[in-house]
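Novice: I have a structure I would like to understand better, so I am pasting it below and will then ask my questions one at a time.
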Amino acid sequence: MPHPYVLLSAAVSLDGYLDDTGPERLLLSGPADFDRVDEVRASVDAILVGAGTIRADNPRLLVYSPERRAARVEAGQPEYPLKVTVSGSGDLDPSANFWHTGGEKIVYTTEKGAERLRQEPVAADVVALGPELDWRRILEHLHDVRGVRRLMVEGGGRIHTQLLQQGLADELQLVLAPLLVGSPDAPRMFGPGAYQGGRLRLVETRRIEDVVLMRYEPTAPGTADLPSAADRHWLALACELAERCPQSRTAFSVGAVVVAADGMELARGYSREGTDPVVHAEEAALAKIGPADPRLASATVYSSLEPCARRASRPAPCARLILDAGVRRVVTAWREPDTFVAGADGSGLLTAEGADVVVLPEFEERAKAPNRHLIAPQD
Ligand SMILES: NC(=O)c1ccc[n+]([C@@H]2O[C@H](COP(=O)([O-])OP(=O)(O)OC[C@H]3O[C@@H](n4cnc5c(N)ncnc54)[C@H](OP(=O)(O)O)[C@@H]3O)[C@@H](O)[C@H]2O)c1
């Protein structure tokens, strides 16, 4: 199921704390960075904070600039983004600023939390999602029921930790402030636990007065049939590569990327790349990796079109090449239509031999774009 684009946003001290242990919220940024945060808020459909942040900081989470609010209204959006909180316990103060400022609000909670909120209601929609909270269900609900396409998450630490560990964050906007907290009991941005191995991708650094904004993207593929936010980034790259293929009337234009479990790109390729007029994208990418590379066994192949199951130009179809390379996870945007091969089922071949195939249909149109001359308008 599609999720909103999830952007984690926070400011931290040089020693990695989100706050100190005093009763007042620690101001880590300056006016120019608060204005940048206001701009980011104005660009999203919803802003989420955990119940811990409501209890600790009593935030309003508004777009403060009247010009930015006016621009939202002109664009047909609500004046303020939807405000979202998450609370297992339902222990929320009905007089907190969160409920009495801005536009619509929603609380995701458990059945137990919803029971408590019936006794002590807050001015918000209350959505109970069963005995436990599940982040994928929250994101699906926000996407499908509330129409949220971009979600800004403004903490606190427990929320950021879970979203990053579960591979659900598309982007991290981290502001590093030149001060030290030094108190082991203060809340940290990221708690202990299992994160992606390897490195995140640094997308941008920006000096803003005396703080530095760093933007990162997680890179690690999901596991088995569970997609991660990074799967979407890699599949988007495969769709971009498909645009580079020399056009053909007799074969699809496809892009492919092979990525190790720690998020390192091993190779990329596209149809008819270089001097080989019949090479397929997955074949071109796999040919660039040594067959004994131990990372292949836990790697993911991203292909804008499902790997082929039958092929006239070469003895082995791409689904077979992938299996023979030892790869057991494929993420694709588009199942192969009957244009050249009737009933091609590369996914069936892959799954029959134990591979996981994840189809992300939200990328289908992008995968089809360079192939429009080959497929019927309704396909
Ligand atoms: N520097 C910054 O940019 C920044 C930004 C935001 C916050 N902060 C700081 O962060 C601190 C708060 O962080 P925090 O980690 O204590 O709190 P938090 O992450 O804001 O919220 C944690 C709470 O959210 C609910 N929750 C989260 N995940 C859940 C799950 N899977 N199932 C059920 N409930 C779940 C629980 O609420 P219940 O307890 O109600 O069940 C939990 O106690 C404050 O000191 C604040 O100042 C700093």
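In the structure tokens, the first chain shown is A, the next is B, and so on; residue numbers restart at 1 for each chain, and ligands run from 1 in the order shown.
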Got a sec: who's within 12 Å of stretch 137-141 of chain A, counting only C-alpha atoms, leaving out chain neighbours fewer than 6 positions off, as a CSV table (one decimal) with N, CA and C atoms, in the first residue's frame?

Specialist:
chain,number,residue,atom,x,y,z
A,1,MET,N,0.9,-1.2,0.0
A,1,MET,CA,0.0,0.0,0.0
A,1,MET,C,0.9,1.2,0.0
A,2,PRO,N,0.5,2.3,-0.8
A,2,PRO,CA,1.4,3.5,-0.8
A,2,PRO,C,1.3,4.2,0.6
A,3,HIS,N,2.4,4.8,0.9
A,3,HIS,CA,2.6,5.6,2.1
A,3,HIS,C,2.8,7.1,1.7
A,4,PRO,N,2.6,8.0,2.7
A,4,PRO,CA,3.0,9.4,2.4
A,4,PRO,C,4.6,9.4,2.4
A,5,TYR,N,5.1,10.4,1.8
A,5,TYR,CA,6.6,10.7,1.9
A,5,TYR,C,6.8,11.1,3.3
A,6,VAL,N,7.7,10.5,4.0
A,6,VAL,CA,7.9,10.7,5.5
A,6,VAL,C,9.2,11.5,5.7
A,46,ALA,N,0.6,17.1,6.5
A,46,ALA,CA,0.4,16.7,7.9
A,46,ALA,C,1.7,16.8,8.6
A,48,LEU,N,3.3,15.4,12.3
A,48,LEU,CA,3.1,14.4,13.4
A,48,LEU,C,4.1,14.6,14.5
A,84,VAL,N,-1.1,15.5,13.7
A,84,VAL,CA,-1.3,14.1,14.0
A,84,VAL,C,-0.5,13.8,15.2
A,85,THR,N,-1.1,13.0,16.2
A,85,THR,CA,-0.3,12.5,17.3
A,85,THR,C,-0.5,11.0,17.5
A,86,VAL,N,0.4,10.4,18.2
A,86,VAL,CA,0.3,9.0,18.4
A,86,VAL,C,0.5,8.7,19.9
A,87,SER,N,-0.5,8.0,20.5
A,87,SER,CA,-0.4,7.7,21.9
A,87,SER,C,-1.0,6.3,22.2
A,106,ILE,N,-5.8,14.7,14.5
A,106,ILE,CA,-6.1,13.2,14.6
A,106,ILE,C,-5.2,12.6,15.5
A,107,VAL,N,-5.7,11.6,16.3
A,107,VAL,CA,-4.9,10.9,17.3
A,107,VAL,C,-5.0,9.4,16.9
A,108,TYR,N,-3.8,8.8,16.7
A,108,TYR,CA,-3.8,7.3,16.5
A,108,TYR,C,-3.5,6.7,17.9
A,109,THR,N,-4.4,5.7,18.2
A,109,THR,CA,-4.2,5.1,19.6
A,109,THR,C,-4.6,3.7,19.5
A,110,THR,N,-4.5,3.1,20.7
A,110,THR,CA,-4.9,1.7,20.8
A,110,THR,C,-6.3,1.6,21.3
A,127,VAL,N,-8.6,7.6,16.2
A,127,VAL,CA,-8.6,6.4,15.4
A,127,VAL,C,-7.9,5.3,16.2
A,128,ALA,N,-8.6,4.3,16.6
A,128,ALA,CA,-8.1,3.2,17.4
A,128,ALA,C,-7.7,2.1,16.4
A,129,LEU,N,-6.4,1.6,16.5
A,129,LEU,CA,-5.9,0.7,15.5
A,129,LEU,C,-5.7,-0.7,16.1
A,130,GLY,N,-6.4,-1.1,17.1
A,130,GLY,CA,-6.3,-2.4,17.7
A,130,GLY,C,-5.5,-2.4,19.0
A,147,GLY,N,-5.7,11.4,2.8
A,147,GLY,CA,-5.1,12.0,1.6
A,147,GLY,C,-3.8,12.6,1.8
A,148,VAL,N,-3.1,12.2,2.8
A,148,VAL,CA,-1.7,12.8,3.1
A,148,VAL,C,-0.7,12.2,2.2
A,149,ARG,N,0.0,13.1,1.5
A,149,ARG,CA,1.1,12.7,0.5
A,149,ARG,C,2.4,13.0,1.1
A,150,ARG,N,2.5,14.1,1.9
A,150,ARG,CA,3.8,14.4,2.5
A,150,ARG,C,3.6,14.6,4.0
A,151,LEU,N,4.3,13.9,4.8
A,151,LEU,CA,4.2,13.9,6.3
A,151,LEU,C,5.5,14.4,6.9
A,152,MET,N,5.4,15.5,7.7
A,152,MET,CA,6.6,15.9,8.4
A,152,MET,C,6.5,15.4,9.8
A,153,VAL,N,7.5,14.8,10.3
A,153,VAL,CA,7.5,14.2,11.7
A,153,VAL,C,8.5,15.1,12.5
A,163,LEU,N,10.5,5.1,13.3
A,163,LEU,CA,10.3,5.2,11.9
A,163,LEU,C,11.6,4.9,11.1
A,168,LEU,N,10.9,3.3,7.4
A,168,LEU,CA,9.7,4.0,6.9
A,168,LEU,C,10.0,5.5,6.7
A,169,ALA,N,11.2,6.0,7.0
A,169,ALA,CA,11.6,7.4,6.8
A,169,ALA,C,12.2,7.6,5.4
A,229,ALA,N,11.2,2.7,2.7
A,229,ALA,CA,11.1,4.0,2.0
A,229,ALA,C,12.3,4.0,1.0

Novice: Within 8 Å of ligand 1, which residues show up when you count only C-alpha atoms and all ligand atoms? List them as number ranges by chain, please.

Specialist: A: 9-12, 17-21, 25-28, 49-57, 85-92, 109-110, 113, 132-135, 154-160, 162, 186-189

Novice: Go ahead and save the picked residues with C-alpha atoms, as a PDB file, in the first residue's frame.

Specialist:
ATOM      1  CA  SER A   9      12.816  16.805  11.205  1.00  0.00           C
ATOM      2  CA  ALA A  10      14.710  17.658  14.391  1.00  0.00           C
ATOM      3  CA  ALA A  11      17.397  19.816  15.933  1.00  0.00           C
ATOM      4  CA  VAL A  12      20.064  18.209  18.121  1.00  0.00           C
ATOM      5  CA  TYR A  17      20.314  15.381  22.481  1.00  0.00           C
ATOM      6  CA  LEU A  18      16.885  16.716  21.495  1.00  0.00           C
ATOM      7  CA  ASP A  19      16.353  18.583  24.739  1.00  0.00           C
ATOM      8  CA  ASP A  20      17.795  18.924  28.231  1.00  0.00           C
ATOM      9  CA  THR A  21      16.088  17.775  31.422  1.00  0.00           C
ATOM     10  CA  ARG A  25      11.954  23.346  26.065  1.00  0.00           C
ATOM     11  CA  LEU A  26      15.606  23.803  25.076  1.00  0.00           C
ATOM     12  CA  LEU A  27      15.866  26.155  22.083  1.00  0.00           C
ATOM     13  CA  LEU A  28      18.426  24.580  19.781  1.00  0.00           C
ATOM     14  CA  VAL A  49       4.534  14.450  16.927  1.00  0.00           C
ATOM     15  CA  GLY A  50       4.464  11.817  19.652  1.00  0.00           C
ATOM     16  CA  ALA A  51       2.392  12.184  22.803  1.00  0.00           C
ATOM     17  CA  GLY A  52       5.660  12.612  24.736  1.00  0.00           C
ATOM     18  CA  THR A  53       6.403  15.821  22.864  1.00  0.00           C
ATOM     19  CA  ILE A  54       2.900  17.175  23.533  1.00  0.00           C
ATOM     20  CA  ARG A  55       3.384  16.435  27.240  1.00  0.00           C
ATOM     21  CA  ALA A  56       6.938  17.860  27.390  1.00  0.00           C
ATOM     22  CA  ASP A  57       6.721  20.908  25.093  1.00  0.00           C
ATOM     23  CA  THR A  85      -0.274  12.514  17.265  1.00  0.00           C
ATOM     24  CA  VAL A  86       0.333   8.970  18.406  1.00  0.00           C
ATOM     25  CA  SER A  87      -0.414   7.729  21.910  1.00  0.00           C
ATOM     26  CA  GLY A  88      -0.674   4.151  23.132  1.00  0.00           C
ATOM     27  CA  SER A  89      -2.011   5.172  26.545  1.00  0.00           C
ATOM     28  CA  GLY A  90      -4.474   7.903  25.526  1.00  0.00           C
ATOM     29  CA  ASP A  91      -2.966   9.995  28.332  1.00  0.00           C
ATOM     30  CA  LEU A  92      -3.377  13.361  26.620  1.00  0.00           C
ATOM     31  CA  THR A 109      -4.191   5.137  19.553  1.00  0.00           C
ATOM     32  CA  THR A 110      -4.884   1.656  20.850  1.00  0.00           C
ATOM     33  CA  GLY A 113      -6.131   4.484  24.666  1.00  0.00           C
ATOM     34  CA  GLU A 132      -0.982  -2.250  19.521  1.00  0.00           C
ATOM     35  CA  LEU A 133       0.032   0.610  17.239  1.00  0.00           C
ATOM     36  CA  ASP A 134       1.564  -0.324  13.925  1.00  0.00           C
ATOM     37  CA  TRP A 135       3.402   2.354  11.925  1.00  0.00           C
ATOM     38  CA  GLU A 154       8.750  16.588  14.381  1.00  0.00           C
ATOM     39  CA  GLY A 155       9.711  14.094  17.075  1.00  0.00           C
ATOM     40  CA  GLY A 156      10.330  13.164  19.660  1.00  0.00           C
ATOM     41  CA  GLY A 157      13.013  10.561  19.993  1.00  0.00           C
ATOM     42  CA  ARG A 158      10.794   7.496  20.338  1.00  0.00           C
ATOM     43  CA  ILE A 159       8.936   8.374  17.152  1.00  0.00           C
ATOM     44  CA  HIS A 160      12.076   9.118  15.092  1.00  0.00           C
ATOM     45  CA  GLN A 162      10.853   3.685  15.302  1.00  0.00           C
ATOM     46  CA  ALA A 186      18.011  13.925  28.396  1.00  0.00           C
ATOM     47  CA  PRO A 187      16.073  12.598  25.348  1.00  0.00           C
ATOM     48  CA  ARG A 188      18.155  11.541  22.376  1.00  0.00           C
ATOM     49  CA  MET A 189      17.169  11.785  18.742  1.00  0.00           C
TER      50      MET A 189
END

Novice: Restricting the calculation to only C-alpha atoms, which member of A:Glu74, A:Arg310, A:Ala325, A:Ser304 is positioned closest to A:Lys288?

Specialist: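 Using only C-alpha atoms, A:Lys288 sits closest to A:Ala325.
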
Novice: Enumerate the residues of stretch 277-346 of chain A with a DSSP assignment of helix (DSSP H, G or I), computed from the backbone, and present them as a list of chain:residue names.

Specialist: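 Secondary structure check on stretch 277-346 of chain A, helix (DSSP H, G or I): A:Ala281, A:Glu282, A:Glu283, A:Ala284, A:Ala285, A:Leu286, A:Pro294, A:Arg295, A:Leu296, A:Ala297, A:Ser298, A:Cys318, A:Ala319, A:Arg320, A:Leu321, A:Ile322, A:Leu323, A:Asp324, A:Ala325, A:Gly346.
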
Novice: So which residues of stretch 112-272 of chain A fall under strand (DSSP E) by DSSP, listed as a PyMOL selection string?

Specialist: chain A and resi 125-128+150-153+171-176+201-208+211-217+255-259+265-270

Novice: Counting only C-alpha atoms, which residues of stretch 128-243 of chain A sit at most 10 Å from some atom of stretch 346-365 of chain A, and what is each one's closest atom pair with its distance in Å to one decimal, listed by chain and rising residue number, as a tab-separated table?

Specialist:
residue	atom	partner	partner_atom	distance
A:Gly222	CA	A:Val358	CA	9.8
A:Thr223	CA	A:Asp356	CA	8.9
A:Ala224	CA	A:Asp356	CA	5.6
A:Asp225	CA	A:Val358	CA	5.7
A:Leu226	CA	A:Val358	CA	7.8
A:Pro227	CA	A:Val358	CA	7.2
A:Asp231	CA	A:Leu360	CA	9.1
A:Arg232	CA	A:Leu360	CA	7.9
A:Leu235	CA	A:Phe363	CA	7.7
A:Ala236	CA	A:Phe363	CA	7.3
A:Cys239	CA	A:Phe363	CA	7.9

Novice: For the selection just defined, write its residues with C-alpha atoms to a file, as a short mmCIF file (atom, residue, chain, number, x, y, z; two decimals), in the first residue's frame.

Specialist:
data_model
loop_
_atom_site.label_atom_id
_atom_site.label_comp_id
_atom_site.auth_asym_id
_atom_site.auth_seq_id
_atom_site.Cartn_x
_atom_site.Cartn_y
_atom_site.Cartn_z
CA GLY A 222 13.37 -3.55 2.75
CA THR A 223 13.31 -7.18 3.76
CA ALA A 224 11.30 -9.95 2.09
CA ASP A 225 7.93 -8.60 0.93
CA LEU A 226 7.99 -5.53 3.23
CA PRO A 227 8.91 -2.43 1.25
CA ASP A 231 12.97 0.78 -1.94
CA ARG A 232 10.96 3.65 -3.39
CA LEU A 235 12.91 2.09 -7.86
CA ALA A 236 12.61 5.77 -8.81
CA CYS A 239 12.63 4.40 -13.69
#

Novice: Check the smallest atom-to-atom distance from each of A:Thr219, A:Thr101, A:Gln173, A:Gln77 to A:Asp33 using only C-alpha atoms, then report the winner.

Specialist: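 Nearest candidate to A:Asp33 out of A:Thr219, A:Thr101, A:Gln173, A:Gln77: A:Gln173.
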
Novice: For A:Leu374, find every residue with an atom within 10 Å (counting only C-alpha atoms), except residues of its own chain fewer than 4 positions away, and show them as a PyMOL selection string.

Specialist: chain A and resi 248-253+339-340+368+370

Novice: Identify, on the basis of only C-alpha atoms, every residue whose closest approach to A:Gly269 does not exceed 10 Å; exclude the query and any residue fewer than 2 positions from it along the same chain; express the result as a ChimeraX atom specification.

Specialist: /A:238,241-242,244-245,254-258,267,271-274,279-288,303

Novice: Store the residues picked out above, limited to C-alpha atoms, as an mmCIF file, in the first residue's frame.

Specialist:
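For reference, again19.cif as written:
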data_model
loop_
_atom_site.group_PDB
_atom_site.id
_atom_site.type_symbol
_atom_site.label_atom_id
_atom_site.label_comp_id
_atom_site.auth_asym_id
_atom_site.auth_seq_id
_atom_site.Cartn_x
_atom_site.Cartn_y
_atom_site.Cartn_z
ATOM 1 C CA ALA A 238 15.489 2.464 -12.023
ATOM 2 C CA LEU A 241 17.508 4.888 -15.994
ATOM 3 C CA ALA A 242 14.722 3.535 -18.226
ATOM 4 C CA ARG A 244 18.079 6.722 -20.965
ATOM 5 C CA CYS A 245 17.512 3.642 -23.162
ATOM 6 C CA VAL A 254 13.858 -0.680 -18.697
ATOM 7 C CA GLY A 255 16.221 0.505 -15.956
ATOM 8 C CA ALA A 256 17.708 -1.665 -13.184
ATOM 9 C CA VAL A 257 19.804 -1.188 -10.046
ATOM 10 C CA VAL A 258 21.357 -3.846 -7.810
ATOM 11 C CA ALA A 267 25.616 -1.823 -10.178
ATOM 12 C CA SER A 271 18.187 -1.721 -21.923
ATOM 13 C CA ARG A 272 20.512 -1.587 -24.972
ATOM 14 C CA GLU A 273 23.194 0.073 -22.832
ATOM 15 C CA GLY A 274 26.584 0.648 -24.482
ATOM 16 C CA VAL A 279 21.090 -6.360 -23.614
ATOM 17 C CA HIS A 280 18.374 -6.112 -20.943
ATOM 18 C CA ALA A 281 18.643 -3.776 -17.966
ATOM 19 C CA GLU A 282 19.016 -6.443 -15.246
ATOM 20 C CA GLU A 283 21.484 -8.358 -17.428
ATOM 21 C CA ALA A 284 23.568 -5.191 -18.012
ATOM 22 C CA ALA A 285 23.639 -4.435 -14.271
ATOM 23 C CA LEU A 286 24.439 -7.995 -13.124
ATOM 24 C CA ALA A 287 27.268 -8.267 -15.688
ATOM 25 C CA LYS A 288 29.085 -5.490 -13.787
ATOM 26 C CA SER A 303 13.762 -3.135 -12.190
#

Novice: Record the distance separating atom CA of A:Pro78 and atom CA of A:Pro94, expressed in Å with one decimal.

Specialist: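 Result for atom CA of A:Pro78 versus atom CA of A:Pro94: 23.3 Å, one decimal.
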
Novice: Can you work out which one of A:Ala367, A:Leu7, A:Ala261, A:Val327 has the shortest atom-to-atom distance to A:Gln196, counting only C-alpha atoms?

Specialist: A:Ala261

Novice: For a quick check of understanding, using only C-alpha atoms, which of A:Leu8, A:Ala42, A:Ile375, A:Leu237 has the smallest distance to A:Asp170?

Specialist: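 Distance minimum relative to A:Asp170 lands on A:Leu8.
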
Novice: Report, in Å with one decimal, the straight-line distance from atom CA of A:Val331 to atom CA of A:Leu305.

Specialist: 9.2 Å
